[in-house]
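Trainee: Input: one structure, supplied below.
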Amino acid sequence: MTIQLTHFSAALVFALFASVVFGITHRETTRDMVRYGLYCFVLFLGGVFLAGWAMWLVRR
Amino acid sequence: MANSTTAKTKPAAEPVHRDSMMAVIAPAVGWLIPGAGHIIQRRWIRGVLLFTSIGAMFVLGLMMQGHIYKANGGDILDILGFIGDLGAGGMYIVTLTMSWGQGAIAFATADYGTKFMIVAGLLNFIAVADAYHIAIGKKQ
């Protein structure tokens, strides 16, 4: 069984799972874990959009 | 006097021994099965979330026809890939045993899959370290 993900959906899935692990392992309390996980997720996705627009600008 | 000192210190020796055992067992089990190091220390939700995240990432990598690295890769990048893959523990052993992930990286999705499996292994290394910190009492 194989699966084909687009670049964006692969980045989305990557960001989700990595953020969950970062949140659990890098903070002490449940509340801090959730907050840090969300923070990492937003940074990952923000990085994807930033890199995407940077490449678009370089291409032009 | 000596007897009273011994009587005071003896009960404390048992938990220390148990903790030192857990400090070895939890990382080992956590490496073999992602999240299991947390589960055996009664961190149920964390363990299940770690298992789901790391497991899904590794399986998705395989389904994207990612490549799994072996120990005998001569290239330095192959060795680094092997170290990353090795972190997935039991999933890596099963994948090697079943001869999955042996194809060449022919298209972009397969390259993403290869990175997914490496990162899943690296994330499991972090989870193992976290299980160890819980076992020694450095983290709740």
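A note on labels: chains of the structure tokens are A, B, ... as shown, every chain counts residues from 1, and ligands are counted from 1 in their shown order.
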Write out as a list of chain:residue names the set of residues from range 28-63 of chain B that DSSP, computed on the backbone, places in alpha helix (DSSP H).

Mentor: B:Ala28, B:Val29, B:Gly30, B:Trp31, B:Leu32, B:Ala36, B:Gly37, B:His38, B:Ile39, B:Trp44, B:Ile45, B:Arg46, B:Gly47, B:Val48, B:Leu49, B:Leu50, B:Phe51, B:Thr52, B:Ser53, B:Ile54, B:Gly55, B:Ala56, B:Met57, B:Phe58, B:Val59, B:Leu60, B:Gly61, B:Leu62, B:Met63

Trainee: For chain A, report every residue with an atom at most 9 Å from chain B (counting only C-alpha atoms), formatted as number ranges by chain.

Mentor: A: 1-7, 10, 13-14, 16-18, 20-22, 24-29

Trainee: At what distance in Å, to one decimal, does CA of Ile25 in chain B lie from CA of Tyr132 in chain B?

Mentor: 8.9 Å

Trainee: So that I can check the surroundings of range 51-55 of chain A, please list as a PyMOL selection string every protein, DNA and RNA residue that reaches within 12 Å of it, counting only C-alpha atoms and ignoring chain neighbours fewer than 6 positions away.

Mentor: chain A and resi 7-8+11+43-45

Trainee: Gly23 in chain A: which residues within 7 Å, counting only C-alpha atoms, same-chain residues fewer than 4 positions away excluded, as a compact mmCIF listing (two decimals) with C-alpha atoms, in the first residue's frame?

Mentor:
```txt
# COMPACT_ATOMS: atom_id res chain seq x y z
CA SER A 19 4.94 19.43 17.45
CA ARG A 27 7.64 21.12 28.95
CA MET A 33 2.89 21.18 26.76
CA VAL A 34 -0.21 22.18 24.77
CA TYR A 36 4.47 24.80 23.34
CA GLY A 37 3.11 22.19 20.92
```

Trainee: Pick out the closest residue to Tyr92 in chain B from this set: B:Ile40, B:Met22, B:Ala28, B:Met117. Count only C-alpha atoms.

Mentor: B:Met117

Trainee: What does the distance from CA of Val48 in chain A to CA of Asp111 in chain B come to in Å, to one decimal?

Mentor: 17.3 Å

Trainee: Rounded to one decimal in Å, what is the spacing between CA of Ala23 in chain B and CA of Gln41 in chain B?

Mentor: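 For CA of Ala23 in chain B relative to CA of Gln41 in chain B, the distance reads 10.4 Å.
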
Trainee: For Leu122 in chain B, which residue among B:Ala36, B:Val29, B:Ile83, B:Leu96 is the nearest when counting only C-alpha atoms?

Mentor: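 Among the listed residues, the smallest separation from Leu122 in chain B belongs to B:Ile83.
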